[in-house]
file work_35.cif (mmCIF, C-alpha atoms (C1' of nucleotides))
data_model
#
loop_
_atom_site.label_atom_id
_atom_site.label_comp_id
_atom_site.auth_asym_id
_atom_site.auth_seq_id
_atom_site.Cartn_x
_atom_site.Cartn_y
_atom_site.Cartn_z
CA MET A 1 98.94 13.71 61.44
CA SER A 2 99.91 14.12 65.08
CA LEU A 3 97.22 11.75 66.26
CA ARG A 4 99.31 8.90 64.95
CA HIS A 5 102.26 9.97 67.06
CA ALA A 6 100.16 10.78 70.08
CA LEU A 7 99.02 7.16 70.09
CA LEU A 8 102.56 5.88 69.73
CA GLY A 9 103.58 8.12 72.61
CA LEU A 10 100.88 6.81 74.87
CA LEU A 11 101.91 3.25 74.11
CA VAL A 12 105.51 3.82 75.16
CA ASP A 13 104.92 3.15 78.84
CA HIS A 14 102.60 0.20 78.62
CA PRO A 15 100.40 -1.68 76.18
CA ALA A 16 96.81 -0.48 75.94
CA SER A 17 93.57 -1.10 74.10
CA GLY A 18 91.66 1.38 72.00
CA TYR A 19 89.34 1.86 74.89
CA ASP A 20 92.20 2.63 77.27
CA LEU A 21 93.64 5.12 74.82
CA LEU A 22 90.29 6.75 74.32
CA LYS A 23 90.16 7.41 78.04
CA ALA A 24 93.73 8.66 78.04
CA PHE A 25 92.76 11.16 75.37
CA ASP A 26 89.70 12.26 77.24
CA THR A 27 91.69 12.93 80.37
CA SER A 28 95.34 13.80 79.97
CA LEU A 29 95.51 14.85 76.33
CA ALA A 30 92.06 16.40 76.05
CA ASN A 31 93.41 19.94 76.27
CA VAL A 32 96.24 19.40 73.88
CA TRP A 33 95.00 17.05 71.23
CA PRO A 34 91.38 15.97 71.47
CA ALA A 35 90.39 12.87 69.56
CA THR A 36 87.22 10.92 69.05
CA GLN A 37 86.65 7.21 69.33
CA SER A 38 86.24 6.71 65.58
CA GLN A 39 89.51 8.43 64.94
CA ILE A 40 91.42 6.41 67.50
CA TYR A 41 90.19 2.98 66.46
CA GLY A 42 90.77 3.79 62.83
CA GLU A 43 94.25 5.05 63.43
CA LEU A 44 95.18 2.04 65.55
CA THR A 45 94.23 -0.26 62.70
CA LYS A 46 96.42 1.72 60.33
CA LEU A 47 99.33 1.74 62.75
CA ALA A 48 99.05 -2.02 63.15
CA ASP A 49 98.92 -2.46 59.37
CA ASN A 50 102.14 -0.49 59.11
CA GLY A 51 103.87 -2.49 61.81
CA LEU A 52 104.33 0.40 64.22
CA ILE A 53 102.27 -1.41 66.81
CA VAL A 54 101.12 -5.02 67.22
CA VAL A 55 98.21 -6.73 68.89
CA SER A 56 99.96 -8.25 71.87
CA GLU A 57 96.99 -9.69 73.66
CA GLN A 58 93.35 -10.38 73.05
CA GLY A 59 91.16 -9.91 76.09
CA PRO A 60 87.51 -10.40 76.90
CA ARG A 61 84.84 -8.56 74.87
CA GLY A 62 87.00 -8.49 71.80
CA ARG A 63 89.52 -6.32 73.57
CA LYS A 64 92.75 -5.95 71.64
CA GLU A 65 95.78 -4.76 73.47
CA TYR A 66 98.35 -3.01 71.36
CA THR A 67 102.07 -2.88 72.06
CA LEU A 68 104.57 -0.50 70.54
CA THR A 69 107.13 -2.13 68.24
CA ASP A 70 110.74 -1.04 67.84
CA THR A 71 109.78 0.47 64.51
CA GLY A 72 107.04 2.40 66.26
CA LEU A 73 109.37 3.77 68.90
CA ALA A 74 111.90 4.74 66.25
CA GLU A 75 109.18 6.55 64.35
CA LEU A 76 108.14 8.41 67.49
CA ARG A 77 111.72 9.53 68.07
CA ARG A 78 112.09 10.53 64.43
CA TRP A 79 108.98 12.62 64.65
CA LEU A 80 110.17 14.38 67.78
CA ILE A 81 113.66 15.09 66.55
CA GLU A 82 113.42 15.52 62.82
CA THR A 83 110.07 17.12 62.18
CA GLU A 84 109.11 20.64 63.09
CA PRO A 85 105.93 21.03 65.12
CA GLN A 86 103.13 22.56 63.14
CA ARG A 87 102.45 25.93 64.56
CA THR A 88 99.25 26.82 62.75
CA THR A 89 96.81 27.59 65.48
CA ARG A 90 93.18 28.39 65.04
CA SER A 91 91.48 30.43 67.69
CA ASP A 92 87.79 30.93 67.42
CA VAL A 93 87.93 33.16 70.49
CA LEU A 94 90.41 35.51 68.86
CA LEU A 95 88.81 35.42 65.43
CA ARG A 96 85.66 36.84 66.93
CA VAL A 97 87.62 39.73 68.41
CA PHE A 98 88.34 41.00 64.91
CA PHE A 99 84.66 41.40 64.27
CA LEU A 100 83.47 42.83 67.57
CA GLY A 101 83.09 46.16 65.78
CA VAL A 102 79.75 45.02 64.37
CA LEU A 103 78.36 44.76 67.89
CA THR A 104 77.61 47.51 70.37
CA PRO A 105 80.43 48.39 72.79
CA GLN A 106 78.39 46.84 75.59
CA GLN A 107 78.04 43.56 73.70
CA ALA A 108 81.73 43.58 72.92
CA ARG A 109 82.57 44.09 76.58
CA ASP A 110 80.22 41.27 77.53
CA TYR A 111 82.04 39.00 75.17
CA LEU A 112 85.43 39.88 76.62
CA ASP A 113 84.11 39.53 80.15
CA SER A 114 82.85 36.12 79.36
CA GLN A 115 86.23 35.11 78.00
CA ALA A 116 87.90 36.39 81.15
CA VAL A 117 85.58 34.37 83.33
CA HIS A 118 86.12 31.29 81.26
CA ALA A 119 89.88 31.61 81.38
CA ALA A 120 89.72 32.14 85.13
CA GLU A 121 87.75 28.93 85.54
CA LEU A 122 90.18 26.94 83.45
CA HIS A 123 93.04 28.42 85.38
CA ALA A 124 91.49 27.45 88.69
CA ASN A 125 90.94 23.89 87.44
CA LEU A 126 94.52 23.52 86.38
CA LYS A 127 95.80 24.97 89.61
CA ALA A 128 93.70 22.51 91.58
CA LEU A 129 94.97 19.69 89.41
CA ASP A 130 98.53 20.78 89.97
CA ALA A 131 98.00 20.81 93.72
CA ALA A 132 96.33 17.40 93.69
CA ILE A 133 99.09 15.55 91.91
CA GLU A 134 102.05 14.23 93.80
CA TRP A 135 104.96 15.07 91.58
CA ASP A 136 108.08 12.97 91.72
CA ASP A 137 111.17 12.84 89.56
CA GLU A 138 109.91 10.41 86.97
CA ASP A 139 110.18 11.45 83.34
CA LEU A 140 106.44 11.41 82.96
CA SER A 141 106.09 13.68 85.93
CA VAL A 142 108.69 16.13 84.77
CA TYR A 143 107.14 16.56 81.36
CA GLY A 144 103.59 16.34 82.60
CA ARG A 145 104.47 19.09 85.04
CA ILE A 146 105.93 21.21 82.26
CA ALA A 147 102.82 20.81 80.17
CA LEU A 148 100.59 21.67 83.09
CA GLU A 149 102.65 24.75 83.79
CA TYR A 150 102.05 25.81 80.21
CA GLY A 151 98.33 25.47 80.74
CA GLN A 152 98.46 27.57 83.87
CA ARG A 153 100.51 30.30 82.28
CA PHE A 154 98.33 30.28 79.21
CA THR A 155 95.04 30.58 81.02
CA ALA A 156 96.44 33.27 83.31
CA MET A 157 97.60 35.21 80.27
CA GLN A 158 94.20 34.87 78.62
CA GLN A 159 92.42 36.11 81.68
CA GLU A 160 94.67 39.13 82.10
CA TRP A 161 94.40 39.93 78.42
CA ALA A 162 90.61 39.73 78.38
CA GLU A 163 90.37 41.96 81.43
CA TRP A 164 92.71 44.48 79.87
CA ALA A 165 90.93 44.28 76.50
CA ARG A 166 87.64 45.08 78.19
CA THR A 167 89.03 48.42 79.29
CA GLN A 168 90.03 49.27 75.74
CA VAL A 169 86.51 49.23 74.39
CA ARG A 170 85.19 52.76 74.43
CA SER A 171 82.34 53.16 76.86
CA THR A 172 79.79 54.76 74.53
CA MET B 1 82.35 26.48 61.07
CA SER B 2 84.22 29.69 61.62
CA LEU B 3 85.58 30.17 58.11
CA ARG B 4 82.11 31.05 56.98
CA HIS B 5 81.84 33.77 59.57
CA ALA B 6 85.37 34.99 59.05
CA LEU B 7 84.44 35.72 55.44
CA LEU B 8 81.27 37.50 56.46
CA GLY B 9 83.30 39.54 58.92
CA LEU B 10 85.80 40.60 56.31
CA LEU B 11 83.01 41.69 54.00
CA VAL B 12 81.46 44.01 56.57
CA ASP B 13 83.65 46.99 55.75
CA HIS B 14 83.72 46.76 52.00
CA PRO B 15 82.92 44.40 49.15
CA ALA B 16 85.76 42.12 48.07
CA SER B 17 86.59 39.33 45.66
CA GLY B 18 87.80 35.87 46.53
CA TYR B 19 91.26 36.99 45.63
CA ASP B 20 91.07 39.98 47.96
CA LEU B 21 89.84 37.80 50.77
CA LEU B 22 92.58 35.29 50.15
CA LYS B 23 95.11 38.03 50.69
CA ALA B 24 93.31 39.21 53.79
CA PHE B 25 93.58 35.72 55.20
CA ASP B 26 97.22 35.46 54.34
CA THR B 27 98.01 38.70 56.11
CA SER B 28 95.75 39.75 58.95
CA LEU B 29 93.99 36.50 59.78
CA ALA B 30 96.83 34.12 59.04
CA ASN B 31 97.72 33.70 62.71
CA VAL B 32 94.19 33.27 63.87
CA TRP B 33 92.38 31.33 61.22
CA PRO B 34 94.45 30.21 58.23
CA ALA B 35 92.55 29.26 55.09
CA THR B 36 93.48 28.09 51.66
CA GLN B 37 92.33 29.36 48.32
CA SER B 38 90.18 26.29 47.60
CA GLN B 39 88.41 26.68 50.86
CA ILE B 40 87.69 30.35 50.38
CA TYR B 41 86.32 30.11 46.85
CA GLY B 42 84.22 27.12 47.80
CA GLU B 43 82.81 28.80 50.84
CA LEU B 44 82.02 32.01 48.97
CA THR B 45 79.93 30.04 46.50
CA LYS B 46 78.02 28.42 49.33
CA LEU B 47 77.49 31.74 51.08
CA ALA B 48 76.15 33.24 47.87
CA ASP B 49 73.85 30.25 47.37
CA ASN B 50 72.46 30.83 50.83
CA GLY B 51 71.95 34.53 50.27
CA LEU B 52 74.37 35.72 52.93
CA ILE B 53 76.40 37.51 50.30
CA VAL B 54 75.74 38.56 46.69
CA VAL B 55 77.87 39.19 43.65
CA SER B 56 77.73 42.96 43.47
CA GLU B 57 80.11 43.55 40.62
CA GLN B 58 81.93 41.66 37.94
CA GLY B 59 85.38 42.90 37.11
CA PRO B 60 88.10 42.04 34.63
CA ARG B 61 89.57 38.52 34.55
CA GLY B 62 86.31 37.04 35.78
CA ARG B 63 86.62 38.88 39.04
CA LYS B 64 83.52 38.66 41.18
CA GLU B 65 83.08 41.12 43.94
CA TYR B 66 80.91 39.98 46.81
CA THR B 67 78.89 42.21 49.08
CA LEU B 68 77.42 41.28 52.44
CA THR B 69 73.64 41.16 52.56
CA ASP B 70 71.48 42.12 55.53
CA THR B 71 70.92 38.44 56.15
CA GLY B 72 74.65 37.94 56.17
CA LEU B 73 75.25 40.71 58.66
CA ALA B 74 72.49 39.38 60.87
CA GLU B 75 74.07 35.94 60.76
CA LEU B 76 77.43 37.38 61.72
CA ARG B 77 75.88 39.13 64.71
CA ARG B 78 74.00 36.00 65.69
CA TRP B 79 77.21 34.02 65.59
CA LEU B 80 79.02 36.54 67.77
CA ILE B 81 76.31 36.91 70.34
CA GLU B 82 74.52 33.61 70.51
CA THR B 83 77.14 30.99 69.88
CA GLU B 84 79.94 30.07 72.20
CA PRO B 85 83.42 30.12 70.71
CA GLN B 86 84.84 26.67 70.28
CA ARG B 87 87.70 26.32 72.64
CA THR B 88 89.19 23.05 71.46
CA THR B 89 92.76 23.85 70.71
CA ARG B 90 95.30 21.50 69.30
CA SER B 91 98.91 22.21 70.01
CA ASP B 92 101.49 20.12 68.28
CA VAL B 93 104.20 21.92 70.22
CA LEU B 94 102.69 20.96 73.55
CA LEU B 95 101.75 17.45 72.50
CA ARG B 96 105.37 16.71 71.87
CA VAL B 97 106.29 17.84 75.37
CA PHE B 98 104.36 14.90 76.78
CA PHE B 99 106.65 12.52 74.99
CA LEU B 100 110.03 14.16 75.49
CA GLY B 101 110.80 11.40 77.97
CA VAL B 102 111.69 9.06 75.10
CA LEU B 103 114.53 11.37 74.12
CA THR B 104 117.76 12.12 75.96
CA PRO B 105 117.67 15.13 78.31
CA GLN B 106 119.91 16.97 75.89
CA GLN B 107 117.54 16.38 73.00
CA ALA B 108 114.63 17.47 75.14
CA ARG B 109 116.42 20.67 76.08
CA ASP B 110 117.22 21.30 72.43
CA TYR B 111 113.57 21.00 71.60
CA LEU B 112 112.56 23.48 74.29
CA ASP B 113 115.31 25.86 73.27
CA SER B 114 114.12 25.79 69.75
CA GLN B 115 110.59 26.60 70.88
CA ALA B 116 111.90 29.52 72.91
CA VAL B 117 113.78 30.90 69.93
CA HIS B 118 110.80 30.52 67.71
CA ALA B 119 108.50 32.26 70.16
CA ALA B 120 111.01 35.07 70.52
CA GLU B 121 111.06 35.58 66.77
CA LEU B 122 107.30 35.69 66.53
CA HIS B 123 107.20 38.10 69.42
CA ALA B 124 109.71 40.41 67.76
CA ASN B 125 107.69 40.35 64.54
CA LEU B 126 104.49 41.29 66.29
CA LYS B 127 106.20 44.03 68.24
CA ALA B 128 107.58 45.49 65.04
CA LEU B 129 104.15 45.27 63.45
CA ASP B 130 102.62 47.03 66.41
CA ALA B 131 105.15 49.84 66.14
CA ALA B 132 104.66 50.17 62.39
CA ILE B 133 100.91 50.63 62.46
CA GLU B 134 99.41 54.01 63.11
CA TRP B 135 96.59 53.31 65.48
CA ASP B 136 93.59 55.58 65.58
CA ASP B 137 90.22 55.30 67.23
CA GLU B 138 88.43 53.41 64.52
CA ASP B 139 86.65 50.24 65.50
CA LEU B 140 88.87 48.18 63.31
CA SER B 141 91.90 49.65 64.96
CA VAL B 142 90.65 49.11 68.46
CA TYR B 143 89.91 45.45 67.91
CA GLY B 144 92.91 44.85 65.70
CA ARG B 145 95.01 46.35 68.44
CA ILE B 146 93.41 44.04 71.00
CA ALA B 147 94.10 41.01 68.86
CA LEU B 148 97.68 42.05 68.29
CA GLU B 149 98.15 42.55 71.99
CA TYR B 150 96.97 38.98 72.49
CA GLY B 151 99.61 37.79 70.08
CA GLN B 152 102.32 39.69 71.86
CA ARG B 153 101.31 38.43 75.28
CA PHE B 154 100.97 34.91 73.96
CA THR B 155 104.36 34.73 72.30
CA ALA B 156 106.00 36.33 75.32
CA MET B 157 104.37 33.74 77.56
CA GLN B 158 105.53 30.93 75.29
CA GLN B 159 109.08 32.16 75.30
CA GLU B 160 109.22 32.52 79.08
CA TRP B 161 107.63 29.13 79.54
CA ALA B 162 110.06 27.39 77.19
CA GLU B 163 113.02 29.01 78.89
CA TRP B 164 111.75 27.97 82.27
CA ALA B 165 110.90 24.47 81.05
CA ARG B 166 114.43 24.03 79.82
CA THR B 167 115.72 24.44 83.36
CA GLN B 168 113.37 21.74 84.60
CA VAL B 169 114.94 19.00 82.52
CA ARG B 170 117.50 17.22 84.65
CA SER B 171 121.01 17.76 83.35
CA THR B 172 122.09 14.10 83.12
"C1'" DT C 1 104.59 42.58 19.72
"C1'" DA C 2 105.94 39.14 22.79
"C1'" DT C 3 106.07 37.69 27.21
"C1'" DC C 4 105.98 37.72 32.01
"C1'" DG C 5 104.10 38.48 36.50
"C1'" DA C 6 100.17 39.48 39.00
"C1'" DC C 7 95.35 38.79 38.95
"C1'" DA C 8 91.51 35.60 39.28
"C1'" DT C 9 88.74 31.47 39.56
"C1'" DG C 10 87.56 26.57 39.53
"C1'" DT C 11 88.05 21.61 40.57
"C1'" DC C 12 89.61 17.34 42.50
"C1'" DA C 13 91.66 13.78 45.55
"C1'" DA C 14 93.04 12.58 49.93
"C1'" DG C 15 93.41 13.09 54.70
"C1'" DA C 16 91.73 14.74 59.23
"C1'" DG C 17 88.06 15.34 62.39
"C1'" DT C 18 82.97 14.96 64.12
"C1'" DG C 19 79.01 12.58 65.65
"C1'" DG C 20 76.31 8.93 65.94
"C1'" DA C 21 74.43 4.29 65.15
"C1'" DA C 22 74.96 -0.50 65.71
"C1'" DG C 23 76.42 -4.63 67.83
"C1'" DG C 24 78.08 -7.22 71.23
"C1'" DT C 25 80.29 -9.29 75.99
"C1'" DA C 26 81.68 -9.62 80.95
"C1'" DG C 27 80.91 -8.94 85.48
"C1'" DA C 28 78.71 -7.00 89.57
"C1'" DG C 29 74.78 -6.42 92.23
"C1'" DT C 30 69.95 -7.36 93.36
"C1'" DA D 1 67.97 -15.67 87.17
"C1'" DC D 2 67.98 -10.99 85.73
"C1'" DT D 3 69.32 -6.69 84.59
"C1'" DC D 4 72.23 -2.99 84.39
"C1'" DT D 5 76.50 -0.84 83.69
"C1'" DA D 6 80.78 -0.60 82.03
"C1'" DC D 7 83.50 -2.40 78.60
"C1'" DC D 8 84.88 -2.73 73.68
"C1'" DT D 9 84.91 -2.49 68.74
"C1'" DT D 10 83.38 -1.46 63.95
"C1'" DC D 11 81.26 1.24 60.47
"C1'" DC D 12 79.22 5.15 58.24
"C1'" DA D 13 78.11 9.75 56.54
"C1'" DC D 14 79.38 14.16 56.75
"C1'" DT D 15 82.19 18.39 57.02
"C1'" DC D 16 86.63 20.67 57.11
"C1'" DT D 17 91.31 21.26 55.48
"C1'" DT D 18 95.27 20.71 52.54
"C1'" DG D 19 97.80 20.78 48.34
"C1'" DA D 20 98.00 20.51 43.73
"C1'" DC D 21 96.52 21.04 39.16
"C1'" DA D 22 94.08 23.45 35.47
"C1'" DT D 23 92.70 27.57 33.10
"C1'" DG D 24 92.68 31.82 31.65
"C1'" DT D 25 93.16 37.28 31.42
"C1'" DC D 26 95.03 41.91 32.12
"C1'" DG D 27 98.71 45.25 32.05
"C1'" DA D 28 103.38 46.65 32.08
"C1'" DT D 29 107.69 46.56 30.02
"C1'" DA D 30 111.39 45.22 27.11
#
call {"tool": "encode", "arguments": {"input": "work_35.cif", "output": "structure tokens"}}
result
Amino acid sequence: MSLRHALLGLLVDHPASGYDLLKAFDTSLANVWPATQSQIYGELTKLADNGLIVVSEQGPRGRKEYTLTDTGLAELRRWLIETEPQRTTRSDVLLRVFFLGVLTPQQARDYLDSQAVHAAELHANLKALDAAIEWDDEDLSVYGRIALEYGQRFTAMQQEWAEWARTQVRST
Amino acid sequence: MSLRHALLGLLVDHPASGYDLLKAFDTSLANVWPATQSQIYGELTKLADNGLIVVSEQGPRGRKEYTLTDTGLAELRRWLIETEPQRTTRSDVLLRVFFLGVLTPQQARDYLDSQAVHAAELHANLKALDAAIEWDDEDLSVYGRIALEYGQRFTAMQQEWAEWARTQVRST
DNA sequence: TATCGACATGTCAAGAGTGGAAGGTAGAGT
DNA sequence: ACTCTACCTTCCACTCTTGACATGTCGATA
């Protein structure tokens, strides 16, 4: 149900069309809350039906620009303050670790190596992104920065873990 | 679909009923791949239909014990070796960070504090679990240990990050 | 012997997420 | 004038996930 609020959140700063939001998801939110086109358009319609957003402008090519309403902003705040974030995470990467015993030690090590490499790549990407952005004191920057820092710490942790884990697999 | 393979993985060591597997999910796999009862029973039926598992014994109270077939084990191995883990993660906790700008700095700090506390609790739980288990050299132990280590590193990272993040929010 | 808690499975509705097809317009460049 | 690309939305079919309800049995114990 977070998709709903993610859309509201993106509409806080400025009105946007489904297409704009789709791009926003593909770029900034891709690593945190991926969403597909079908999902976004559908959810926007529902949000508009419920009065949390309104069509503020119709553009060329059937473009509909949505603007957040006061109700919508209130709902976003309510969500942030009153509801607990869902902490159920699913990790395919980690699930597989439980079953590495059915493979040979070499195959298990290969798997862990591959995870280490992948984490290293992600980490490098995020680091480059961090360096490329000019951070100022705007709210968006502060919180964007905090989120990016999370990503960097997370990928670093994953890499270190995978490299350590590799050494734990007996070398038979 | 990882649930399918999670079930196959759990059946490697010994036959089990839906009920047994449900408990296994609630305990060991809960943090990695949560699943509900409806999902598990449904999936077991499908797996049996496809010959990846068979009903090896019928017990009291309609209990059906499933055993992994050779086909099932082969499929598990194929999944581990040939398919890439899906890395799309959704984090409600992090999503909210992007939108903390609509709250007051105090509210934002409260949110981050609360995440730090929560991470600390999880970390303490995992540490206690680690201490309570007698680890030996069995495969299951080795990989269980590796997974648990991931959890400990992850929660520690989250706590440190949230505490750091808290200091980044301007104190207006 | 009655009953209660743990054991055990099945089903259903609704929501969330995936992937793709289909349909169409505006504008920029050749 | 033409075509191509980017823009923009809607709809559909499917799978996955959640939560709840329904149904019943075994075994211990009061």
call {"tool": "resolve_selection", "arguments": {"input": "work_35.cif", "expression": "the PyMOL selection byres ((chain A) within 9 of (chain D))", "output": "MDAnalysis selection string"}}
result
chainID A and resid 17:19 38 41 60:64
call {"tool": "calpha_fit_and_write", "arguments": {"input": "work_35.cif", "fixed": "chain A", "moving": "chain B", "output": "compact mmCIF listing (two decimals) with C-alpha atoms, in the coordinates of the input"}}
result
# COMPACT_ATOMS: atom_id res chain seq x y z
CA MET B 1 99.38 13.95 61.40
CA SER B 2 99.95 14.17 65.11
CA LEU B 3 97.23 11.78 66.25
CA ARG B 4 99.31 8.94 64.94
CA HIS B 5 102.25 9.99 67.04
CA ALA B 6 100.16 10.79 70.07
CA LEU B 7 99.03 7.16 70.08
CA LEU B 8 102.57 5.91 69.71
CA GLY B 9 103.59 8.16 72.58
CA LEU B 10 100.90 6.83 74.86
CA LEU B 11 101.93 3.27 74.10
CA VAL B 12 105.54 3.85 75.13
CA ASP B 13 104.99 3.18 78.81
CA HIS B 14 102.66 0.23 78.62
CA PRO B 15 100.45 -1.65 76.20
CA ALA B 16 96.86 -0.43 75.97
CA SER B 17 93.61 -1.04 74.14
CA GLY B 18 91.69 1.42 72.03
CA TYR B 19 89.38 1.91 74.94
CA ASP B 20 92.25 2.70 77.30
CA LEU B 21 93.68 5.16 74.84
CA LEU B 22 90.32 6.80 74.37
CA LYS B 23 90.22 7.48 78.08
CA ALA B 24 93.77 8.76 78.04
CA PHE B 25 92.78 11.23 75.37
CA ASP B 26 89.72 12.32 77.25
CA THR B 27 91.73 13.02 80.37
CA SER B 28 95.38 13.92 79.95
CA LEU B 29 95.52 14.89 76.30
CA ALA B 30 92.08 16.43 75.99
CA ASN B 31 93.42 19.98 76.21
CA VAL B 32 96.25 19.43 73.83
CA TRP B 33 95.02 17.09 71.17
CA PRO B 34 91.38 16.00 71.41
CA ALA B 35 90.39 12.88 69.50
CA THR B 36 87.24 10.92 69.04
CA GLN B 37 86.67 7.23 69.37
CA SER B 38 86.26 6.69 65.61
CA GLN B 39 89.51 8.39 64.95
CA ILE B 40 91.42 6.40 67.52
CA TYR B 41 90.18 2.97 66.48
CA GLY B 42 90.75 3.79 62.84
CA GLU B 43 94.23 5.03 63.44
CA LEU B 44 95.17 2.04 65.57
CA THR B 45 94.22 -0.28 62.73
CA LYS B 46 96.39 1.70 60.33
CA LEU B 47 99.30 1.74 62.76
CA ALA B 48 99.04 -2.02 63.16
CA ASP B 49 98.89 -2.47 59.39
CA ASN B 50 102.10 -0.50 59.10
CA GLY B 51 103.84 -2.47 61.82
CA LEU B 52 104.31 0.42 64.22
CA ILE B 53 102.27 -1.39 66.82
CA VAL B 54 101.11 -5.00 67.25
CA VAL B 55 98.21 -6.70 68.96
CA SER B 56 99.96 -8.21 71.95
CA GLU B 57 96.99 -9.63 73.77
CA GLN B 58 93.34 -10.31 73.25
CA GLY B 59 91.13 -9.80 76.25
CA PRO B 60 87.47 -10.26 77.09
CA ARG B 61 84.80 -8.43 75.07
CA GLY B 62 87.01 -8.44 71.99
CA ARG B 63 89.55 -6.27 73.71
CA LYS B 64 92.76 -5.90 71.77
CA GLU B 65 95.80 -4.70 73.55
CA TYR B 66 98.38 -2.98 71.40
CA THR B 67 102.08 -2.84 72.08
CA LEU B 68 104.58 -0.47 70.51
CA THR B 69 107.12 -2.09 68.23
CA ASP B 70 110.73 -1.01 67.80
CA THR B 71 109.75 0.50 64.48
CA GLY B 72 107.04 2.43 66.23
CA LEU B 73 109.37 3.79 68.87
CA ALA B 74 111.87 4.76 66.21
CA GLU B 75 109.15 6.59 64.32
CA LEU B 76 108.13 8.44 67.45
CA ARG B 77 111.71 9.56 68.02
CA ARG B 78 112.08 10.55 64.39
CA TRP B 79 108.95 12.65 64.63
CA LEU B 80 110.18 14.40 67.76
CA ILE B 81 113.65 15.11 66.53
CA GLU B 82 113.41 15.55 62.80
CA THR B 83 110.07 17.15 62.18
CA GLU B 84 109.12 20.67 63.08
CA PRO B 85 105.95 21.06 65.11
CA GLN B 86 103.14 22.56 63.12
CA ARG B 87 102.43 25.93 64.52
CA THR B 88 99.23 26.79 62.70
CA THR B 89 96.78 27.57 65.41
CA ARG B 90 93.17 28.41 64.94
CA SER B 91 91.50 30.43 67.62
CA ASP B 92 87.79 30.94 67.39
CA VAL B 93 87.94 33.17 70.45
CA LEU B 94 90.44 35.51 68.83
CA LEU B 95 88.82 35.42 65.41
CA ARG B 96 85.69 36.85 66.90
CA VAL B 97 87.63 39.74 68.39
CA PHE B 98 88.37 41.00 64.90
CA PHE B 99 84.69 41.43 64.26
CA LEU B 100 83.48 42.85 67.56
CA GLY B 101 83.12 46.18 65.79
CA VAL B 102 79.77 45.06 64.36
CA LEU B 103 78.38 44.79 67.87
CA THR B 104 77.63 47.54 70.38
CA PRO B 105 80.46 48.38 72.81
CA GLN B 106 78.41 46.82 75.57
CA GLN B 107 78.05 43.56 73.68
CA ALA B 108 81.74 43.57 72.92
CA ARG B 109 82.58 44.08 76.57
CA ASP B 110 80.23 41.26 77.50
CA TYR B 111 82.05 38.98 75.14
CA LEU B 112 85.44 39.85 76.61
CA ASP B 113 84.11 39.48 80.13
CA SER B 114 82.84 36.08 79.34
CA GLN B 115 86.23 35.08 77.97
CA ALA B 116 87.89 36.34 81.13
CA VAL B 117 85.55 34.32 83.31
CA HIS B 118 86.08 31.25 81.25
CA ALA B 119 89.85 31.57 81.37
CA ALA B 120 89.69 32.07 85.11
CA GLU B 121 87.72 28.86 85.51
CA LEU B 122 90.15 26.88 83.42
CA HIS B 123 93.01 28.36 85.37
CA ALA B 124 91.45 27.38 88.68
CA ASN B 125 90.91 23.84 87.42
CA LEU B 126 94.50 23.45 86.36
CA LYS B 127 95.76 24.89 89.61
CA ALA B 128 93.66 22.43 91.56
CA LEU B 129 94.94 19.61 89.37
CA ASP B 130 98.49 20.70 89.96
CA ALA B 131 97.95 20.70 93.71
CA ALA B 132 96.26 17.30 93.65
CA ILE B 133 99.03 15.45 91.86
CA GLU B 134 101.98 14.12 93.75
CA TRP B 135 104.91 14.97 91.58
CA ASP B 136 108.04 12.87 91.69
CA ASP B 137 111.12 12.74 89.54
CA GLU B 138 109.86 10.35 86.93
CA ASP B 139 110.14 11.41 83.32
CA LEU B 140 106.43 11.36 82.90
CA SER B 141 106.04 13.62 85.87
CA VAL B 142 108.66 16.07 84.75
CA TYR B 143 107.13 16.54 81.33
CA GLY B 144 103.56 16.34 82.55
CA ARG B 145 104.44 19.04 85.03
CA ILE B 146 105.92 21.17 82.25
CA ALA B 147 102.81 20.79 80.15
CA LEU B 148 100.57 21.64 83.06
CA GLU B 149 102.63 24.70 83.79
CA TYR B 150 102.04 25.79 80.20
CA GLY B 151 98.33 25.46 80.73
CA GLN B 152 98.43 27.52 83.87
CA ARG B 153 100.50 30.27 82.30
CA PHE B 154 98.32 30.25 79.22
CA THR B 155 95.01 30.54 81.01
CA ALA B 156 96.41 33.22 83.30
CA MET B 157 97.59 35.17 80.27
CA GLN B 158 94.19 34.83 78.63
CA GLN B 159 92.39 36.07 81.68
CA GLU B 160 94.66 39.09 82.11
CA TRP B 161 94.41 39.89 78.43
CA ALA B 162 90.61 39.71 78.39
CA GLU B 163 90.37 41.92 81.44
CA TRP B 164 92.69 44.43 79.90
CA ALA B 165 90.92 44.25 76.54
CA ARG B 166 87.64 45.04 78.21
CA THR B 167 89.02 48.39 79.33
CA GLN B 168 90.05 49.23 75.79
CA VAL B 169 86.52 49.21 74.43
CA ARG B 170 85.22 52.75 74.49
CA SER B 171 82.37 53.14 76.95
CA THR B 172 79.81 54.72 74.59
call {"tool": "closest_residue", "arguments": {"input": "work_35.cif", "among": "B:Asp92, B:Glu138, B:Asp130, B:Glu82", "to": "chain A", "atoms": "only C-alpha atoms"}}
result
B:Asp92
call {"tool": "resolve_selection", "arguments": {"input": "work_35.cif", "expression": "the PyMOL selection byres ((chain A) within 12 of (chain C))", "output": "list in words"}}
result
Met1, Ser2, Leu3, Arg4, Trp33, Pro34, Ala35, Thr36, Gln37, Ser38, Gln39, Ile40, Gly42, Glu43, Gly59, Pro60, Arg61, Gly62 and Arg63 of chain A
call {"tool": "closest_residue", "arguments": {"input": "work_35.cif", "among": "B:His14, B:Val97, B:Ala116, B:Asp136", "to": "chain A", "atoms": "all atoms listed in the file"}}
result
B:Val97
call {"tool": "atom_distance", "arguments": {"input": "work_35.cif", "atom1": "atom CA of B:Asn50", "atom2": "atom CA of B:Glu84"}}
result
22.7 Å
